[in-house]
Structure formats: structure tokens, C-alpha cells
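Worksheet: one structure, shown below.
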Amino acid sequence: MKKTQKRIRLWRIALWTVGGFALGALSGQWWLALFVAVVFGGARLIGELSRPRPQVLEDTPPLTEAMAAHYADSGLSDSEVDLFRDTMDTAAEQIRQFDAIADRVPKIRAVALNHDLQDVLHAYFKAVVKTPAQLANAGHFIYEQLPNLVRIAEKYEEISHHEVKTSDTYTVLTTAANTLSDLAESIRQDYAAFVENDLEALSADINLARKQTTPRLTESTVQPGRTLSKQPVQEEMEHTHE
């Protein structure tokens, strides 16, 4: 991961400025309206500057000994490691492309925010990197959903820049936005299912560990011919104090 330059969302500053002007205009004094607009705009600018820098995905770094051990523990051969790293490099680039388009196109940004899409994309990527042996389970996301997401977003941006728009243009843009929304929800569900597999495996390991340790604890704490009850313990304590 690496940090990018902080992106200031000018549309939010403009919105706050206009809101401040409208609020100040209620007084009937234009100088007060301008003053409130400047205050609101400045406050939003400070808020933008104080936002954390967004995280973006880097290409897969050179293979280290720790990563090689991680791949080996996951059961990957050398050829499978190469394929996995190439695949994740491509996925990282596609996620960067979508992030950039979402920054430029308000409608796509709105769809992404509505579904927490960018957070899900980054989390899904990290989950796959963490469990390379599960790449096949993320195949629908890696090979279909993510490329389609970027392709539709690119087409939407291209068409939205047409100088002359007809009713057909707006129909296509609406259909594309709805498709992006449906695709975003599908990615969310697939990510939840991918992570759930890990949770179920952990739960199974915990249950197995409990079954293996419970009998042993029972045998070590209960003497033959005696049962666990509060009464014997209480009697022993009474005898001790006598």
C-alpha cells in the first residue's frame, strides 16, 4: 500500500459555500450572506485538508522470503505463485482505474458510496492476497465482476462527456448506472461469502479444540468416585475453619 496526494472535493466546498450564502441571505443583508458563505466554505476546506489520505493498491512488491514462505504454506507451486502474483497485479490496476473514475464522475462516486464499493474492493483484494489458495473461490470477482465494473465505468464516463446528449443518451447512462449499482451489490455479497468461509473454518477449528480439551479437563479435575457439586466443596471449607 502507498499513500496518494490528498484529493480535495471541490464540489463539497461549493455546496457548503452556497448553503452558507443561502442561510445568510435569510437576514436580508447581502454582506452577511457573503460573510457566512466564506465562513462555511472555509470550514469545509479545512475539513477536506484534514481528511486522511486515501490508500491505493500498489503492484505486487518483489517476492520476499516471508511472502515465499506464505505461498509455500498455502500449498502453491512456483508456477502457481507466478500466476497468482500476475493476477493480483491486474486486479490492483483495475481497482486503481475504478477509484480514479469514481473521483472524476459524480454519479459513479454516488453509486460507490451508496454500496461502500471502494472499501469492499480493497477489502476483497486484501482477503484474496491473504489466502492465495482460495483464489478459485474469488474467480467470479477477479475474472468477471471487477473487469466488467471498470469497463462499464469507463463507458459511462466517455458517454457522459458527449457535448450533445439525446434522450437515448440519458437512457443509456441511467441503464449503466443501474447496472453498476447491481454489480456493486453482487460484489458485496460475494465478498461476504468469501470471508464467511474463513469464519466457518475458524469456528470449526475452535469447536474441535473444545471437544479435544474438555474431556481432558474433566478427568484432571474430578477424582474417581466423586462428582462435581457445590456441597462437597462447601463441606471441606467448613472443616478447614473448624
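Residues in the C-alpha cells are numbered from 1 in each chain, the chains being A, B, ... in the order shown, and ligands are numbered from 1 in the order shown.
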- Fewer than 2 positions away in the same chain doesn't count, so skip those; otherwise give me all residues within 7 Å of Phe21 (chain A), counting only C-alpha atoms, as a list in words. Thr17, Val18, Gly19, Leu23, Gly24, Ala25, Ala33, Leu34, Val36 and Ala37 of chain A
What would the file look like if the residues just selected were written as a PDB file, in the first residue's frame with C-alpha atoms?
```pdb
ATOM      1  CA  THR A  17     -20.477  27.864   0.348  1.00  0.00           C
ATOM      2  CA  VAL A  18     -23.829  28.037  -1.418  1.00  0.00           C
ATOM      3  CA  GLY A  19     -25.560  26.738   1.698  1.00  0.00           C
ATOM      4  CA  LEU A  23     -28.518  30.881   5.158  1.00  0.00           C
ATOM      5  CA  GLY A  24     -27.025  34.354   5.421  1.00  0.00           C
ATOM      6  CA  ALA A  25     -29.425  35.713   2.793  1.00  0.00           C
ATOM      7  CA  ALA A  33     -24.736  36.371   3.294  1.00  0.00           C
ATOM      8  CA  LEU A  34     -21.268  36.704   1.739  1.00  0.00           C
ATOM      9  CA  VAL A  36     -21.480  33.323   6.095  1.00  0.00           C
ATOM     10  CA  ALA A  37     -20.691  31.827   2.679  1.00  0.00           C
TER      11      ALA A  37
END
```
- Query: So which one's closest to Gln134 (chain A), A:Ala184, A:Leu76, A:Val111, A:Val38? Using only C-alpha atoms, please.
  - Reply: A:Leu76
- region 41-208 of chain A: which residues are alpha helix (DSSP H) by DSSP, as a ChimeraX atom specification? /A:41-49,65-73,78-104,106-114,117-130,139-140,146-160,167-208
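Here the question is which of A:Tyr170, A:Asn178, A:Val81, A:Asp99 gets nearest to Ala69 (chain A) using only C-alpha atoms, and that residue is A:Val81.
Nearest to Glu80 (chain A) of all the residues A:Ile142, A:Ile152, A:Ala68, A:Ala102 is A:Ala68, counting only C-alpha atoms.
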- Near-Glu154 (chain A) list (9 Å; only C-alpha atoms; drop same-chain fewer than 6 positions) as a list in words: Gln97, Phe98 and Ile101 of chain A
- Task: Identify which of the residues A:Lys165, A:His70, A:His140, A:Arg109 lies closest to Ala153 (chain A), counting only C-alpha atoms when measuring atom-to-atom distances.
- Result: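 Ranked by minimum distance to Ala153 (chain A), first place goes to A:Arg109.
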- For the atom pair CA of Tyr124 (chain A) and CA of Tyr191 (chain A), what is the interatomic distance in Å to one decimal place? 6.0 Å
- Query: By how many Å are CA of Leu180 (chain A) and CA of Gln94 (chain A) apart?
  - Reply: 14.9 Å
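Of the listed residues (A:His115, A:Ser160, A:Val150, A:Leu15), A:Leu15 comes nearest to Leu45 (chain A); the distances count only C-alpha atoms.
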- Do you have the CA of Phe125 (chain A)-CA of Ile95 (chain A) distance handy?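 Between these atoms lies a distance of 9.0 Å.
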